[in-house]
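> Take this structure first; my questions come after.
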Amino acid sequence: MAFCPQCGSAAPGTFCPSCGASIGTAAANPAATAHPSIAAPVDDNVIAALCYSLWFITGVLFLVLEPYNRNKNIRFHALQSIFTGLALFAVSMSLPVLAYLPVVNLLFTLVTLAYVPFCFGLWLFLMYKAYSRERFIIPVLGELAQKQA
């Protein structure tokens, strides 16, 4: 059955019974006859980049979602996102504590100030590499993710 390209209602003939639009050209194109609420499949590189969007939250999400958890590339990026996100979170919790040490407090204060731009740059870099279909492996965490995927 064909669907109207204007309003999306079912149209058994060449004209839509709801809005009167011609569906003669849409019937020749099978992609145009699909229901408008059905989404087109998303490329793997977009999903791999989305694994890094909220670090370990979206990593876990794409490990659980059914069509994506079977793809080894998406599993790798999701696991690397989880491991990296948890490691960055642990470091962000420990840096302010280390900044209170009496001897090295200036050093850790400077490291704490540079940490947020570093995390943002790493986030953008990993999303870019995943979107461009390149597998960038973070030295320790990426190797662990590669073994798990």
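We label chains A, B, ... in the order they appear in the structure tokens, count residues from 1 in each chain, and number ligands from 1 in the order shown.
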Find the spatial neighbours of Lys147 in chain A, counting only C-alpha atoms, within a cut-off of 10 Å - ignore same-chain residues fewer than 3 positions away - and output them as number ranges by chain.

A: 76, 79, 142-144

> Can you tell me, as a list of chain:residue names, what residues are no more than 8 Å from range 46-54 of chain A when counting only C-alpha atoms, ignoring any on the same chain fewer than 3 positions away?

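Listing them by chain and then by number gives A:Val42, A:Asp43, A:Ile57, A:Thr58, A:Gly59, A:Phe62, A:Asn73, A:Ile74, A:His77, A:Ala78, A:Ser81, A:Trp123, A:Leu126, A:Met127, A:Tyr128, A:Lys129, A:Ala130, A:Tyr131.
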
> With all heavy atoms retained, export the selected residues as a compact mmCIF listing (two decimals), in the first residue's frame.


# COMPACT_ATOMS: atom_id res chain seq x y z
N VAL A 42 20.61 4.60 10.63
CA VAL A 42 21.72 5.53 10.87
C VAL A 42 23.03 4.80 10.59
O VAL A 42 23.19 3.62 10.93
CB VAL A 42 21.68 6.02 12.34
CG1 VAL A 42 22.79 7.01 12.60
CG2 VAL A 42 20.33 6.64 12.64
N ASP A 43 23.98 5.51 9.98
CA ASP A 43 25.28 4.91 9.68
C ASP A 43 26.02 4.55 10.96
O ASP A 43 25.83 5.17 12.00
CB ASP A 43 26.13 5.88 8.86
CG ASP A 43 25.63 6.00 7.43
OD1 ASP A 43 24.94 5.08 6.96
OD2 ASP A 43 25.93 7.03 6.80
N ILE A 57 27.65 7.08 29.96
CA ILE A 57 26.18 6.92 29.89
C ILE A 57 25.77 6.42 28.52
O ILE A 57 25.05 5.43 28.39
CB ILE A 57 25.49 8.24 30.25
CG1 ILE A 57 25.81 8.63 31.70
CG2 ILE A 57 23.99 8.13 30.03
CD1 ILE A 57 25.37 10.01 32.07
N THR A 58 26.22 7.10 27.46
CA THR A 58 25.86 6.64 26.12
C THR A 58 26.62 5.38 25.73
O THR A 58 26.14 4.61 24.91
CB THR A 58 26.13 7.75 25.08
OG1 THR A 58 27.46 8.23 25.25
CG2 THR A 58 25.13 8.88 25.24
N GLY A 59 27.79 5.17 26.31
CA GLY A 59 28.50 3.92 26.06
C GLY A 59 27.70 2.73 26.54
O GLY A 59 27.55 1.73 25.83
N PHE A 62 24.54 2.21 24.25
CA PHE A 62 24.76 1.53 22.98
C PHE A 62 25.25 0.10 23.16
O PHE A 62 25.21 -0.69 22.22
CB PHE A 62 25.69 2.32 22.08
CG PHE A 62 25.02 3.52 21.48
CD1 PHE A 62 25.42 4.80 21.81
CD2 PHE A 62 23.97 3.38 20.60
CE1 PHE A 62 24.79 5.90 21.27
CE2 PHE A 62 23.33 4.46 20.05
CZ PHE A 62 23.74 5.73 20.39
N ASN A 73 32.58 -2.74 15.89
CA ASN A 73 33.12 -1.38 15.89
C ASN A 73 32.37 -0.50 16.90
O ASN A 73 33.00 0.25 17.65
CB ASN A 73 33.03 -0.77 14.49
CG ASN A 73 33.77 0.53 14.38
OD1 ASN A 73 34.82 0.70 14.99
ND2 ASN A 73 33.23 1.44 13.61
N ILE A 74 31.07 -0.61 16.94
CA ILE A 74 30.29 0.18 17.89
C ILE A 74 30.55 -0.31 19.31
O ILE A 74 30.64 0.50 20.24
CB ILE A 74 28.79 0.13 17.53
CG1 ILE A 74 28.56 0.86 16.20
CG2 ILE A 74 27.94 0.75 18.63
CD1 ILE A 74 27.16 0.78 15.68
N HIS A 77 33.87 1.28 20.43
CA HIS A 77 33.74 2.70 20.79
C HIS A 77 32.92 2.88 22.06
O HIS A 77 33.22 3.76 22.88
CB HIS A 77 33.15 3.49 19.63
CG HIS A 77 34.10 3.68 18.50
ND1 HIS A 77 35.23 4.47 18.61
CD2 HIS A 77 34.11 3.19 17.25
CE1 HIS A 77 35.89 4.45 17.47
NE2 HIS A 77 35.23 3.67 16.62
N ALA A 78 31.90 2.05 22.26
CA ALA A 78 31.10 2.15 23.48
C ALA A 78 31.94 1.76 24.70
O ALA A 78 31.90 2.45 25.73
CB ALA A 78 29.87 1.25 23.37
N SER A 81 34.50 4.40 25.39
CA SER A 81 33.82 5.55 25.98
C SER A 81 33.53 5.32 27.46
O SER A 81 33.71 6.23 28.29
CB SER A 81 32.52 5.81 25.23
OG SER A 81 31.73 6.76 25.89
N TRP A 123 37.34 14.75 24.14
CA TRP A 123 35.97 14.41 23.76
C TRP A 123 35.74 14.72 22.28
O TRP A 123 35.24 13.88 21.54
CB TRP A 123 35.01 15.20 24.65
CG TRP A 123 33.57 15.04 24.36
CD1 TRP A 123 32.82 13.92 24.52
CD2 TRP A 123 32.70 16.04 23.87
NE1 TRP A 123 31.52 14.17 24.17
CE2 TRP A 123 31.42 15.48 23.77
CE3 TRP A 123 32.86 17.38 23.53
CZ2 TRP A 123 30.32 16.19 23.33
CZ3 TRP A 123 31.76 18.10 23.09
CH2 TRP A 123 30.52 17.50 23.00
N LEU A 126 37.94 12.29 20.01
CA LEU A 126 37.42 10.92 19.90
C LEU A 126 36.15 10.87 19.07
O LEU A 126 35.95 9.93 18.30
CB LEU A 126 37.18 10.35 21.29
CG LEU A 126 38.43 10.01 22.09
CD1 LEU A 126 38.07 9.59 23.51
CD2 LEU A 126 39.24 8.93 21.40
N MET A 127 35.29 11.87 19.21
CA MET A 127 34.08 11.89 18.39
C MET A 127 34.44 12.08 16.92
O MET A 127 33.84 11.43 16.04
CB MET A 127 33.14 13.00 18.86
CG MET A 127 32.43 12.67 20.14
SD MET A 127 31.27 13.94 20.64
CE MET A 127 29.93 13.62 19.52
N TYR A 128 35.40 12.93 16.63
CA TYR A 128 35.83 13.15 15.24
C TYR A 128 36.43 11.88 14.65
O TYR A 128 36.12 11.51 13.51
CB TYR A 128 36.84 14.30 15.17
CG TYR A 128 37.46 14.44 13.81
CD1 TYR A 128 36.73 14.97 12.75
CD2 TYR A 128 38.76 14.01 13.58
CE1 TYR A 128 37.29 15.09 11.49
CE2 TYR A 128 39.33 14.12 12.32
CZ TYR A 128 38.60 14.66 11.28
OH TYR A 128 39.15 14.77 10.04
N LYS A 129 37.30 11.21 15.40
CA LYS A 129 37.93 9.99 14.89
C LYS A 129 36.89 8.89 14.65
O LYS A 129 36.97 8.16 13.67
CB LYS A 129 39.00 9.49 15.86
CG LYS A 129 40.24 10.33 15.88
CD LYS A 129 40.95 10.22 14.54
CE LYS A 129 42.29 10.90 14.60
NZ LYS A 129 43.01 10.80 13.34
N ALA A 130 35.92 8.78 15.55
CA ALA A 130 34.88 7.76 15.38
C ALA A 130 34.00 8.09 14.18
O ALA A 130 33.61 7.21 13.42
CB ALA A 130 34.04 7.64 16.64
N TYR A 131 33.70 9.37 14.00
CA TYR A 131 32.85 9.77 12.87
C TYR A 131 33.56 9.58 11.54
O TYR A 131 32.94 9.22 10.54
CB TYR A 131 32.41 11.23 13.03
CG TYR A 131 31.46 11.66 11.94
CD1 TYR A 131 30.13 11.23 11.95
CD2 TYR A 131 31.88 12.47 10.90
CE1 TYR A 131 29.26 11.61 10.95
CE2 TYR A 131 31.03 12.85 9.89
CZ TYR A 131 29.71 12.43 9.92
OH TYR A 131 28.85 12.80 8.93

> Please identify all polymer residues within 7 Å of Val60 in chain A, counting only C-alpha atoms, omitting same-chain residues fewer than 4 positions from it, and present them as a ChimeraX atom specification.

/A:56,64,78,82

> Just how far from CA of Pro41 in chain A is CA of Ala10 in chain A, in Å to one decimal?

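Distance reported for this atom pair: 22.5 Å.
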
> I want to know what sits within 12 Å of range 118-120 of chain A, based on only C-alpha atoms, with residues of the same chain fewer than 3 positions away left out; could you give that as a PyMOL selection string?

chain A and resi 52-55+84-85+87-89+91-92+111-115+123-127

> Out of A:Cys7, A:Val140, A:Ile23, A:Leu98, which residue has the shortest atom-to-atom distance to Phe83 in chain A when counting only C-alpha atoms?

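Of A:Cys7, A:Val140, A:Ile23, A:Leu98, the one nearest Phe83 in chain A is A:Val140, counting only C-alpha atoms.
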
> Please return, as a PyMOL selection string, all residues of chain A that DSSP assigns to strand (DSSP E) on the basis of the backbone.

chain A and resi 2-3+10-11

> Let's have the selection written as a PDB file, in the first residue's frame, with N, CA and C atoms.


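out_28.pdb was written with the following content:
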ATOM      1  N   ALA A   2       0.495   2.241  -0.760  1.00  0.00           N
ATOM      2  CA  ALA A   2       1.241   3.493  -0.853  1.00  0.00           C
ATOM      3  C   ALA A   2       0.734   4.481   0.189  1.00  0.00           C
ATOM      4  N   PHE A   3       1.613   5.388   0.540  1.00  0.00           N
ATOM      5  CA  PHE A   3       1.275   6.441   1.487  1.00  0.00           C
ATOM      6  C   PHE A   3       1.463   7.788   0.812  1.00  0.00           C
ATOM      7  N   ALA A  10      -2.738   6.596   4.329  1.00  0.00           N
ATOM      8  CA  ALA A  10      -2.762   5.511   3.355  1.00  0.00           C
ATOM      9  C   ALA A  10      -3.584   5.931   2.143  1.00  0.00           C
ATOM     10  N   ALA A  11      -3.050   5.677   0.951  1.00  0.00           N
ATOM     11  CA  ALA A  11      -3.715   6.055  -0.290  1.00  0.00           C
ATOM     12  C   ALA A  11      -3.750   4.865  -1.222  1.00  0.00           C
TER      13      ALA A  11
END

> Record the distance separating CA of Ile138 in chain A and CA of Leu65 in chain A, expressed in Å with one decimal.

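Taking CA of Ile138 in chain A and CA of Leu65 in chain A, their separation equals 24.2 Å.
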
> To one decimal place, how far is CA of Leu61 in chain A from CA of Arg75 in chain A in Å?

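CA of Arg75 in chain A lies 10.7 Å from CA of Leu61 in chain A.
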